[in-house]
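Chemist: Structure supplied as final_12.txt; contents: compact mmCIF, C-alpha atoms.
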```txt
# COMPACT_ATOMS: atom_id res chain seq x y z
CA MET A 1 0.00 0.00 0.00
CA THR A 2 1.34 3.45 -0.88
CA VAL A 3 1.07 6.56 1.24
CA THR A 4 -1.86 7.89 -0.81
CA SER A 5 -3.72 4.63 -1.42
CA ARG A 6 -6.42 5.73 1.03
CA ARG A 7 -8.31 8.88 0.20
CA GLY A 8 -7.18 11.98 2.05
CA ARG A 9 -4.00 10.48 3.47
CA ARG A 10 -1.18 13.00 3.47
CA ALA A 11 1.90 13.35 5.63
CA ASN A 12 3.58 16.48 7.00
CA ILE A 13 7.30 15.91 6.48
CA MET A 14 10.17 17.99 7.85
CA ILE A 15 13.63 17.26 6.46
CA LEU A 16 16.26 18.65 8.82
CA THR A 17 19.67 19.07 7.27
CA GLY A 18 22.70 21.31 7.56
CA LEU A 19 26.19 21.51 9.00
CA SER A 20 27.46 19.40 11.84
CA GLY A 21 27.16 21.39 15.06
CA SER A 22 24.52 23.76 13.67
CA GLY A 23 21.65 22.49 15.85
CA LYS A 24 19.98 19.65 13.96
CA SER A 25 19.85 17.39 17.03
CA THR A 26 18.21 20.16 19.04
CA ALA A 27 15.73 20.70 16.21
CA ALA A 28 14.91 16.98 16.06
CA ASN A 29 14.16 16.99 19.79
CA VAL A 30 11.87 19.99 19.33
CA PHE A 31 9.91 18.34 16.54
CA GLU A 32 9.67 15.14 18.55
CA ASP A 33 8.14 17.17 21.38
CA LEU A 34 5.69 18.61 18.84
CA GLY A 35 4.50 15.10 17.99
CA TYR A 36 6.61 14.30 14.96
CA TYR A 37 7.92 10.78 14.40
CA CYS A 38 11.66 11.43 14.15
CA VAL A 39 14.23 9.39 12.25
CA ASP A 40 17.95 10.14 12.13
CA ASN A 41 20.54 9.44 9.45
CA VAL A 42 18.63 6.98 7.29
CA PRO A 43 19.10 6.79 3.50
CA PRO A 44 16.61 9.19 1.86
CA VAL A 45 15.40 6.43 -0.43
CA LEU A 46 13.84 4.74 2.61
CA LEU A 47 11.78 7.78 3.59
CA PRO A 48 8.71 6.94 1.44
CA LYS A 49 8.57 3.49 3.05
CA ILE A 50 8.93 5.02 6.52
CA ILE A 51 6.07 7.42 5.77
CA GLU A 52 3.96 4.50 4.62
CA VAL A 53 4.63 2.46 7.77
CA VAL A 54 4.07 5.38 10.16
CA THR A 55 0.88 6.37 8.32
CA GLU A 56 -0.41 2.82 8.70
CA ALA A 57 0.18 3.03 12.44
CA ARG A 58 -0.95 6.62 13.14
CA GLY A 59 -3.43 7.39 10.38
CA SER A 60 -3.76 10.32 8.03
CA GLY A 61 -2.03 13.61 8.74
CA VAL A 62 1.00 11.90 10.28
CA ARG A 63 3.99 14.14 10.97
CA VAL A 64 7.52 12.89 10.34
CA ALA A 65 10.88 14.66 10.81
CA MET A 66 14.01 13.23 9.21
CA VAL A 67 17.60 14.29 9.89
CA ALA A 68 19.75 13.93 6.78
CA ASP A 69 23.31 15.18 6.77
CA VAL A 70 26.89 14.49 5.77
CA ARG A 71 27.00 11.24 7.77
CA GLY A 72 24.97 9.71 4.95
CA LYS A 73 26.78 11.52 2.14
CA GLU A 74 26.69 8.39 -0.07
CA PHE A 75 22.89 8.69 -0.25
CA LEU A 76 22.34 12.44 -0.42
CA HIS A 77 22.27 12.50 -4.23
CA GLU A 78 18.87 10.75 -3.94
CA MET A 79 17.33 13.53 -1.86
CA ALA A 80 15.97 15.72 -4.66
CA ARG A 81 14.29 12.76 -6.37
CA VAL A 82 12.78 11.53 -3.08
CA ILE A 83 11.42 14.97 -2.21
CA GLU A 84 9.83 15.28 -5.67
CA GLU A 85 8.29 11.82 -5.27
CA LEU A 86 6.85 12.65 -1.84
CA ARG A 87 5.39 15.93 -3.05
CA SER A 88 3.88 14.24 -6.10
CA ARG A 89 1.98 12.03 -3.63
CA LYS A 90 0.44 15.19 -2.14
CA ASN A 91 2.55 15.18 1.02
CA ASP A 92 3.62 18.49 2.57
CA VAL A 93 7.43 18.52 2.55
CA LEU A 94 9.60 21.26 4.04
CA VAL A 95 13.40 21.25 3.96
CA LEU A 96 15.08 23.20 6.78
CA PHE A 97 18.80 23.87 6.43
CA PHE A 98 20.65 24.70 9.65
CA ASP A 99 23.77 26.81 9.24
CA ALA A 100 26.29 28.67 11.38
CA ASN A 101 29.45 30.60 10.71
CA ASP A 102 32.84 28.89 10.94
CA GLU A 103 33.73 30.63 14.20
CA ALA A 104 30.64 29.30 15.96
CA LEU A 105 31.10 25.78 14.60
CA LEU A 106 34.77 25.66 15.61
CA ARG A 107 33.87 26.86 19.11
CA ARG A 108 31.17 24.22 19.50
CA PHE A 109 33.43 21.38 18.38
CA SER A 110 36.12 22.63 20.74
CA GLU A 111 33.72 22.81 23.68
CA THR A 112 32.22 19.36 23.09
CA ARG A 113 35.51 17.75 21.97
CA ARG A 114 33.63 15.96 19.22
CA VAL A 115 35.37 14.78 16.07
CA HIS A 116 33.93 16.24 12.89
CA PRO A 117 32.30 13.50 10.78
CA VAL A 118 34.42 14.35 7.73
CA ALA A 119 37.56 15.36 9.62
CA ALA A 120 40.64 14.24 7.75
CA HIS A 121 43.23 16.91 8.50
CA GLY A 122 41.53 19.40 10.79
CA THR A 123 38.15 20.71 11.85
CA LYS A 124 38.38 23.94 9.85
CA GLU A 125 39.12 22.09 6.62
CA ALA A 126 36.37 19.57 7.43
CA ILE A 127 33.79 22.35 7.79
CA GLN A 128 34.65 23.72 4.34
CA LYS A 129 34.48 20.23 2.85
CA GLU A 130 31.10 19.68 4.48
CA ARG A 131 29.78 22.96 3.07
CA GLU A 132 30.72 21.74 -0.41
CA ILE A 133 29.03 18.36 0.07
CA LEU A 134 25.82 19.89 1.44
CA SER A 135 25.55 22.81 -1.00
CA PRO A 136 22.89 21.04 -3.14
CA LEU A 137 20.72 20.56 -0.04
CA ARG A 138 21.22 24.19 0.93
CA ASP A 139 20.08 25.27 -2.51
CA MET A 140 16.86 23.22 -2.31
CA ALA A 141 15.99 24.30 1.26
CA ASP A 142 12.67 26.01 1.95
CA ALA A 143 14.19 27.87 4.90
CA LEU A 144 17.70 28.62 6.14
CA ILE A 145 18.12 28.86 9.91
CA ASP A 146 21.30 30.57 11.11
CA THR A 147 22.20 29.44 14.64
CA SER A 148 25.53 31.29 14.93
CA GLU A 149 24.37 33.55 17.74
CA LEU A 150 21.87 31.19 19.38
CA THR A 151 22.27 29.05 22.46
CA VAL A 152 20.59 25.65 22.58
CA HIS A 153 17.75 27.14 24.63
CA GLN A 154 17.32 30.10 22.27
CA LEU A 155 17.21 27.79 19.25
CA ARG A 156 14.61 25.62 20.93
CA ASP A 157 12.46 28.64 21.80
CA ALA A 158 12.79 30.03 18.25
CA LEU A 159 11.71 26.73 16.69
CA LEU A 160 8.79 26.32 19.06
CA HIS A 161 7.72 29.90 18.38
CA ARG A 162 7.96 29.34 14.64
CA PHE A 163 6.41 25.89 14.27
CA CYS A 164 4.12 25.42 17.24
CA LYS A 165 1.30 27.56 15.85
CA GLU A 166 -1.75 25.48 15.11
CA GLY A 167 -3.70 26.09 11.95
CA THR A 168 -1.17 28.28 10.16
CA GLN A 169 -0.79 27.39 6.50
CA GLY A 170 0.86 28.89 3.47
CA LEU A 171 3.61 31.46 3.74
CA LYS A 172 5.17 31.96 7.18
CA VAL A 173 6.90 35.30 7.66
CA ASN A 174 9.74 35.99 10.08
CA VAL A 175 10.75 39.62 10.63
CA VAL A 176 14.20 39.76 12.24
CA SER A 177 16.03 42.85 13.47
CA PHE A 178 19.84 42.84 13.35
CA GLY A 179 22.94 45.01 13.54
CA PHE A 180 25.08 45.48 10.43
CA ARG A 181 28.19 45.51 12.64
CA TYR A 182 27.53 41.80 13.31
CA GLY A 183 26.89 40.79 9.71
CA LEU A 184 23.82 40.03 7.62
CA PRO A 185 21.48 37.20 8.66
CA SER A 186 22.33 34.34 6.29
CA ASP A 187 18.70 33.24 6.03
CA ALA A 188 17.35 36.64 4.91
CA ASP A 189 15.19 36.74 1.78
CA MET A 190 15.02 40.55 1.87
CA VAL A 191 17.18 43.08 3.73
CA VAL A 192 16.01 46.57 4.67
CA ASP A 193 18.57 49.14 5.86
CA VAL A 194 17.05 51.65 8.32
CA ARG A 195 20.22 53.49 9.30
CA PHE A 196 18.79 56.69 7.76
CA LEU A 197 16.23 56.98 10.59
CA PRO A 198 16.81 59.16 13.70
CA ASN A 199 19.28 57.41 16.00
CA PRO A 200 18.31 57.23 19.72
CA HIS A 201 21.88 56.25 20.61
CA PHE A 202 22.88 59.90 20.44
CA VAL A 203 20.23 60.92 22.95
CA THR A 204 21.66 60.21 26.40
CA SER A 205 18.28 59.77 28.05
CA LEU A 206 17.23 57.17 25.46
CA ARG A 207 20.45 55.25 24.87
CA ARG A 208 19.85 52.53 27.47
CA PHE A 209 16.44 51.54 26.10
CA THR A 210 15.70 49.25 23.15
CA GLY A 211 13.29 49.47 20.26
CA LEU A 212 10.76 47.57 22.35
CA ASP A 213 10.28 50.69 24.47
CA GLU A 214 7.55 53.09 23.42
CA ARG A 215 9.90 56.06 23.93
CA ILE A 216 12.28 54.70 21.32
CA ARG A 217 9.52 53.99 18.83
CA GLU A 218 8.13 57.51 19.23
CA TYR A 219 11.59 58.99 18.64
CA VAL A 220 12.30 56.84 15.57
CA PHE A 221 8.95 57.48 13.89
CA LYS A 222 8.42 61.12 14.88
CA GLY A 223 9.26 62.63 11.47
CA ARG A 224 7.45 62.59 8.15
CA THR A 225 10.29 60.67 6.51
CA ALA A 226 9.94 57.74 8.92
CA GLN A 227 6.16 57.67 8.55
CA SER A 228 6.40 57.78 4.75
CA PHE A 229 9.04 55.03 4.73
CA LEU A 230 6.95 52.71 6.90
CA ARG A 231 3.86 53.34 4.80
CA ARG A 232 5.69 52.61 1.53
CA LEU A 233 7.42 49.51 2.92
CA THR A 234 4.21 47.99 4.25
CA SER A 235 2.53 48.73 0.92
CA MET A 236 5.30 46.89 -0.92
CA LEU A 237 5.02 43.88 1.42
CA HIS A 238 1.25 43.90 0.97
CA PHE A 239 1.92 43.56 -2.76
CA LEU A 240 4.78 41.01 -2.58
CA LEU A 241 3.71 38.47 0.04
CA PRO A 242 0.61 37.21 -1.80
CA LEU A 243 2.81 36.67 -4.87
CA TYR A 244 5.24 34.57 -2.82
CA ARG A 245 2.31 32.58 -1.45
CA LYS A 246 1.01 32.01 -4.97
CA GLU A 247 4.40 30.64 -6.04
CA GLY A 248 4.30 28.15 -3.15
CA LYS A 249 7.05 29.71 -1.04
CA ALA A 250 6.79 28.35 2.50
CA TYR A 251 8.98 30.81 4.46
CA PHE A 252 9.97 34.43 4.01
CA THR A 253 12.53 36.15 6.23
CA LEU A 254 12.59 39.94 6.20
CA ALA A 255 15.74 41.29 7.86
CA VAL A 256 15.69 44.88 9.17
CA GLY A 257 19.10 46.31 10.04
CA CYS A 258 20.56 49.32 11.78
CA THR A 259 24.13 49.72 13.03
CA GLY A 260 23.99 47.77 16.28
CA GLY A 261 20.59 46.11 16.17
CA LYS A 262 19.27 47.68 19.38
CA HIS A 263 17.13 50.70 18.55
CA ARG A 264 15.95 51.54 15.03
CA SER A 265 15.86 48.03 13.54
CA VAL A 266 13.98 46.69 16.56
CA ALA A 267 11.41 49.50 16.40
CA VAL A 268 10.81 48.97 12.69
CA ALA A 269 10.63 45.16 13.06
CA VAL A 270 7.99 45.54 15.78
CA ALA A 271 5.98 47.92 13.61
CA LEU A 272 6.15 45.57 10.62
CA GLY A 273 5.24 42.60 12.78
CA ASN A 274 2.18 44.43 14.07
CA PHE A 275 1.14 45.33 10.53
CA LEU A 276 1.67 41.88 9.05
CA GLY A 277 0.24 40.08 12.06
CA LYS A 278 -3.13 41.77 11.56
CA GLU A 279 -3.48 39.99 8.24
CA ASP A 280 -1.63 36.72 8.81
CA LYS A 281 -1.23 34.61 11.95
CA GLY A 282 1.93 32.99 10.57
CA VAL A 283 4.12 36.00 11.42
CA THR A 284 6.95 36.01 13.97
CA VAL A 285 9.30 38.79 15.06
CA THR A 286 12.78 38.09 16.45
CA HIS A 287 15.62 40.39 17.51
CA ARG A 288 19.00 38.85 16.78
CA ASP A 289 21.34 41.47 18.24
CA MET A 290 19.17 43.54 20.57
CA THR A 291 20.70 42.34 23.86
CA ARG A 292 24.21 41.85 22.56
CA SER A 293 24.46 45.36 21.19
CA SER A 294 23.69 46.85 24.59
CA SER A 295 26.83 45.35 26.09
CA ALA A 296 29.14 44.74 23.14
CA ALA A 297 28.68 47.65 20.79
CA LYS A 298 30.58 50.81 21.56
CA GLY A 299 29.68 52.88 18.54
CA ALA A 300 26.42 54.19 17.19
CA LYS A 301 23.43 51.88 17.41
```
Take the structure in the file and give it back as structure tokens.

Modeler:
Amino acid sequence: MTVTSRRGRRANIMILTGLSGSGKSTAANVFEDLGYYCVDNVPPVLLPKIIEVVTEARGSGVRVAMVADVRGKEFLHEMARVIEELRSRKNDVLVLFFDANDEALLRRFSETRRVHPVAAHGTKEAIQKEREILSPLRDMADALIDTSELTVHQLRDALLHRFCKEGTQGLKVNVVSFGFRYGLPSDADMVVDVRFLPNPHFVTSLRRFTGLDERIREYVFKGRTAQSFLRRLTSMLHFLLPLYRKEGKAYFTLAVGCTGGKHRSVAVAVALGNFLGKEDKGVTVTHRDMTRSSSAAKGAK
């Protein structure tokens, strides 16, 4: 019996892939807590059979999460064909690629004293080799999740916040604020630079607050330029997002950046989240550098 041999049977499938040390094990635990049947490091060609068996046991609408990474590099060339086959059987398939910068990965391997799965000469060289091997999976991913600046607990909270919403379908939007001094978010689909807005960092009485504070938001949006910018940006998103939905895009990450990621970008991200959230429940807002900038950044925010 195939997965779709009974009318209405479809599976919700999460394929978790990415670099070693980027958080895939944490993600698998999260999805297991959310009720997914989790399998780790099995050849992709076996996934349709696994879906069939689990569907037989649990019924229609079964949820399965599979971890596929460089440990099974001999089988990864089958992944694209398997995903196409599963989708042709009317299953919902999402590919999440977990990434992190080299510095974060090297630190994690050093702290855990683990040996990299493709280590031949050294961990740094192994990471670059792994990036090459996994580049086809990265290209086919529905969403890229950068864990460079996240602790295990923060990653867990972010995944729960993003995937625990019941009844959300179609395009899921994540608005993330960040500081340009710390680099662009690698998973951004669109980047908006708001460094032209009034900067609260140069107002002594406001410097210690973040964009979550009403005083900061009032300062940032007090002029006509800021109001016009927000109006035009929301209008553009109102035009674009339905088009992405129509094309079948599952995730859209809008990154909003200022210098340090504490004031202006946070205020704008909150405003956009409020606007988008009125029309779509599948909207989340995260602030990548808001707390770090308060202690680490010494220049303008």

Chemist: Quick one: of A:Phe97, A:Phe229, A:Phe109, A:Tyr251, who's nearest to Asp189 of chain A, counting only C-alpha atoms?

Modeler: A:Tyr251

Chemist: Tell me, as a JSON list (two decimals) with C-alpha atoms, in the coordinates of the input, which residues lie within 8 Å of Ala141 of chain A, counting all atoms listed in the file; anything in the same chain fewer than 2 positions away does not count.

Modeler:
```json
[["chain", "number", "residue", "atom", "x", "y", "z"],
["A", 94, "LEU", "CA", 9.60, 21.26, 4.04],
["A", 95, "VAL", "CA", 13.40, 21.25, 3.96],
["A", 96, "LEU", "CA", 15.08, 23.20, 6.78],
["A", 97, "PHE", "CA", 18.80, 23.87, 6.43],
["A", 137, "LEU", "CA", 20.72, 20.56, -0.04],
["A", 138, "ARG", "CA", 21.22, 24.19, 0.93],
["A", 139, "ASP", "CA", 20.08, 25.27, -2.51],
["A", 143, "ALA", "CA", 14.19, 27.87, 4.90],
["A", 144, "LEU", "CA", 17.70, 28.62, 6.14]]
```

Chemist: For atom CA of Ala100 of chain A and atom CA of Arg156 of chain A, quote the distance in Å rounded to one decimal.

Modeler: 15.4 Å

Chemist: Have a look at A:Glu85, A:Asp146, A:Ala250, A:Ser135 and name the one nearest to Leu105 of chain A; count all atoms listed in the file.

Modeler: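 Among the listed residues, A:Asp146 lies closest to Leu105 of chain A.
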
Chemist: Taking 5 positions as the minimum chain separation for residues in the same chain, which residues sit within 8 Å of Asp193 of chain A when counting only C-alpha atoms? Answer as a VMD selection string.

Modeler: chain A and resid 256 to 258

Chemist: For those residues, write C-alpha atoms to a file as a PDB file, in the coordinates of the input.

Modeler:
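The new file selection.pdb reads:
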```pdb
ATOM      1  CA  VAL A 256      15.690  44.880   9.170  1.00  0.00           C
ATOM      2  CA  GLY A 257      19.100  46.310  10.040  1.00  0.00           C
ATOM      3  CA  CYS A 258      20.560  49.320  11.780  1.00  0.00           C
TER       4      CYS A 258
END
```

Chemist: Name the residues in contact with Asn41 of chain A at a cut-off of 12 Å, using all atoms listed in the file, excluding same-chain residues fewer than 4 positions from it; report them as a ChimeraX atom specification.

Modeler: /A:15-17,24-25,28,45-47,65-76

Chemist: Just the residues within 8 Å of segment 240-245 of chain A, please, counting only C-alpha atoms, with nothing from its chain fewer than 4 positions along; format it as an mmCIF file with C-alpha atoms, keeping the file's coordinate frame.

Modeler:
```cif
data_model
loop_
_atom_site.group_PDB
_atom_site.id
_atom_site.type_symbol
_atom_site.label_atom_id
_atom_site.label_comp_id
_atom_site.auth_asym_id
_atom_site.auth_seq_id
_atom_site.Cartn_x
_atom_site.Cartn_y
_atom_site.Cartn_z
ATOM 1 C CA GLY A 170 0.860 28.890 3.470
ATOM 2 C CA LEU A 171 3.610 31.460 3.740
ATOM 3 C CA MET A 236 5.300 46.890 -0.920
ATOM 4 C CA LYS A 249 7.050 29.710 -1.040
ATOM 5 C CA ALA A 250 6.790 28.350 2.500
#
```

Chemist: Between A:His161, A:His287, A:Lys129, A:Arg215, which residue has the minimum interatomic distance to Val175 of chain A, considering all atoms listed in the file?

Modeler: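 Ranking A:His161, A:His287, A:Lys129, A:Arg215 by distance to Val175 of chain A, first place goes to A:His287.
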
Chemist: Please list as a VMD selection string every residue within 7 Å of Asn91 of chain A, counting only C-alpha atoms and excluding residues in the same chain fewer than 6 positions away.

Modeler: chain A and resid 10 to 12

Chemist: Please indicate the distance in Å from atom CA of Glu130 of chain A to atom CA of Ser20 of chain A, rounded to one decimal place.

Modeler: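 Taking atom CA of Glu130 of chain A and atom CA of Ser20 of chain A, their separation equals 8.2 Å.
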
Chemist: Work out how far apart atom CA of Gly23 of chain A and atom CA of Ala188 of chain A are and give it in Å to one decimal.

Modeler: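 Result for atom CA of Gly23 of chain A versus atom CA of Ala188 of chain A: 18.4 Å, one decimal.
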
Chemist: Of the candidates A:Ser148, A:Ser235, A:Asn174, A:Thr253, which shows the shortest atom-to-atom distance to Val191 of chain A, using all atoms listed in the file?

Modeler: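 The closest residue to Val191 of chain A is A:Thr253.
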
Chemist: With only C-alpha atoms as the atoms that count, which of A:Cys164, A:Val115, A:Leu237, A:Val266 lies nearest to Val220 of chain A?

Modeler: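 For Val220 of chain A, the nearest of the given residues is A:Val266.
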
Chemist: Quick one: of A:Val176, A:Arg63, A:Lys124, A:Val54, who's nearest to Phe31 of chain A, counting only C-alpha atoms?

Modeler: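 Checking each candidate against Phe31 of chain A, we get A:Arg63 as the closest.
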